[in-house]
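Asks: The structure's right below; bear with me while I get my questions together.
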Amino acid sequence: MRVSILLILAAIGVAGCRPATAPSTAGDAANFRIVLDKPEFTQREASEYGIVGTVTNQSDRDFYLNAGDAYNGALEQDEIFAVLGTDAVIERRVSVSRWRDASAGGLIEGFRFVVLKAGTSYRLTGTIAPNAPGTYRIRLNYSGRNEDPSPTLPFHDYSATFIVR
């Protein structure tokens with residue numbers, strides 16, 4: 001009896017585990033397509049021009065994230081930013097199953113919550129610390145609500161990995 005309970009608890013624990021490398025969202029359906037302009041950046045390109053790409057909301061609903069320019073008062077902005085402290089995060093692979101936030105820099109006026117409308121594409125610009133070659137990805141943390149619901153947003157989508165050499 002006791003062994004079967006332990007086996008059931010172990011099975012539940014394993015079923016609830018999810019590898020850190022698996023792109024996921026609540027419901028496992030990607031709402032955003034994140035495509036970088038290049039699959040590989042030199043350290044010079046990354047520091048001079050940033051990590052750049054396009055984010056497309058593939059869903060039929062609007063989502064919100066804290067990655068807009070606070071200097072621009074518009075709720076919808078053509079460009080979002082993956083810099084330190086925003087909900088668009090550049091992550092560096094540190095082991096097979098672990099990623100660490102590698103975002104750097106910031107916006108002079110700060111950042112703000114913006115809408116990414118259904119079926120619309122936006123430019124993404126991000127920065128990382130110099131002299132950090134490796135494998136990276138972009139993670140978007142976002143919500144379906146029109147205000148910052150909490151420090152932990154319920155949805156997450158990822159770009160394909162890219163290289164900084």
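Residue names in the structure tokens use chain letters A, B, ... in the order shown, residue numbers from 1 in each chain, and ligand numbers from 1 in the order shown.
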Quick one: everything within 9 Å of segment 104-115 of chain A, counting only C-alpha atoms, minus sequence neighbours fewer than 6 positions away in the same chain. Send it as a ChimeraX atom specification.

Replies: /A:62-77,80-86,90,126-129,146-148

Asks: Based on the backbone DSSP call, show me all residues of segment 121-160 of chain A assigned strand (DSSP E), as a PyMOL selection string.

Replies: chain A and resi 121-126+134-142+155-158

Asks: Which distance in Å separates atom CA of Asn141 of chain A and atom CA of Val96 of chain A, to one decimal?

Replies: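 Between atom CA of Asn141 of chain A and atom CA of Val96 of chain A the gap works out to 21.7 Å.
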
Asks: Show me, as a ChimeraX atom specification, the residues that have an atom within 10 Å of Pro133 of chain A when counting only C-alpha atoms, minus same-chain residues fewer than 5 positions from it.

Replies: /A:41-43,92,163-165

Asks: Let's have the selection written as a short mmCIF file (atom, residue, chain, number, x, y, z; two decimals), in the first residue's frame, with C-alpha atoms.

Replies:
data_model
loop_
_atom_site.label_atom_id
_atom_site.label_comp_id
_atom_site.auth_asym_id
_atom_site.auth_seq_id
_atom_site.Cartn_x
_atom_site.Cartn_y
_atom_site.Cartn_z
CA PHE A 41 25.72 37.86 -34.47
CA THR A 42 29.30 38.91 -33.83
CA GLN A 43 30.00 40.53 -30.48
CA ARG A 92 22.01 32.88 -22.49
CA ILE A 163 24.65 32.46 -31.65
CA VAL A 164 26.81 35.36 -30.53
CA ARG A 165 30.45 34.73 -31.44
#

Asks: Measure the distance from atom CA of Arg61 of chain A to atom CA of Glu91 of chain A in Å and round it to one decimal.

Replies: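 Distance between the two atoms: 26.2 Å.
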
Asks: Which distance in Å separates atom CA of Asp101 of chain A and atom CA of Leu116 of chain A, to one decimal?

Replies: 22.4 Å

Asks: Which residue is closest to Gly50 of chain A? Choose from A:Ser159, A:Thr120, A:Thr135, A:Ser103 and count only C-alpha atoms.

Replies: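 Nearest to Gly50 of chain A: A:Ser103.
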
Asks: Need to verify the contact set: segment 53-60 of chain A, 6 Å, only C-alpha atoms, exclusion of same-chain residues closer than 3 positions in sequence. Can you return it as a list of chain:residue names?

Replies: A:Asn31, A:Phe32, A:Arg33, A:Ile34, A:Val35, A:Leu36, A:Asp37, A:Ala118, A:Gly119, A:Thr120, A:Ser121, A:Tyr122, A:Arg123, A:Leu124

Asks: What does the file look like for those residues with C-alpha atoms, as a CSV table (one decimal), in the first residue's frame?

Replies:
chain,number,residue,atom,x,y,z
A,31,ASN,CA,1.0,33.2,-29.6
A,32,PHE,CA,4.1,35.0,-30.9
A,33,ARG,CA,6.5,34.2,-33.6
A,34,ILE,CA,9.9,35.7,-32.8
A,35,VAL,CA,12.3,35.8,-35.8
A,36,LEU,CA,15.7,37.4,-35.5
A,37,ASP,CA,17.2,39.2,-38.5
A,118,ALA,CA,-3.6,40.4,-32.9
A,119,GLY,CA,-2.0,39.7,-36.4
A,120,THR,CA,0.5,42.6,-36.1
A,121,SER,CA,4.3,42.6,-36.3
A,122,TYR,CA,6.7,44.7,-34.2
A,123,ARG,CA,10.4,45.4,-34.4
A,124,LEU,CA,12.4,44.0,-31.4

Asks: Between A:Phe162, A:Phe155, A:Ala88, A:Ser95, single out the one closest to Leu140 of chain A, counting only C-alpha atoms.

Replies: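 With only C-alpha atoms as the atom set, the closest residue is A:Ala88.
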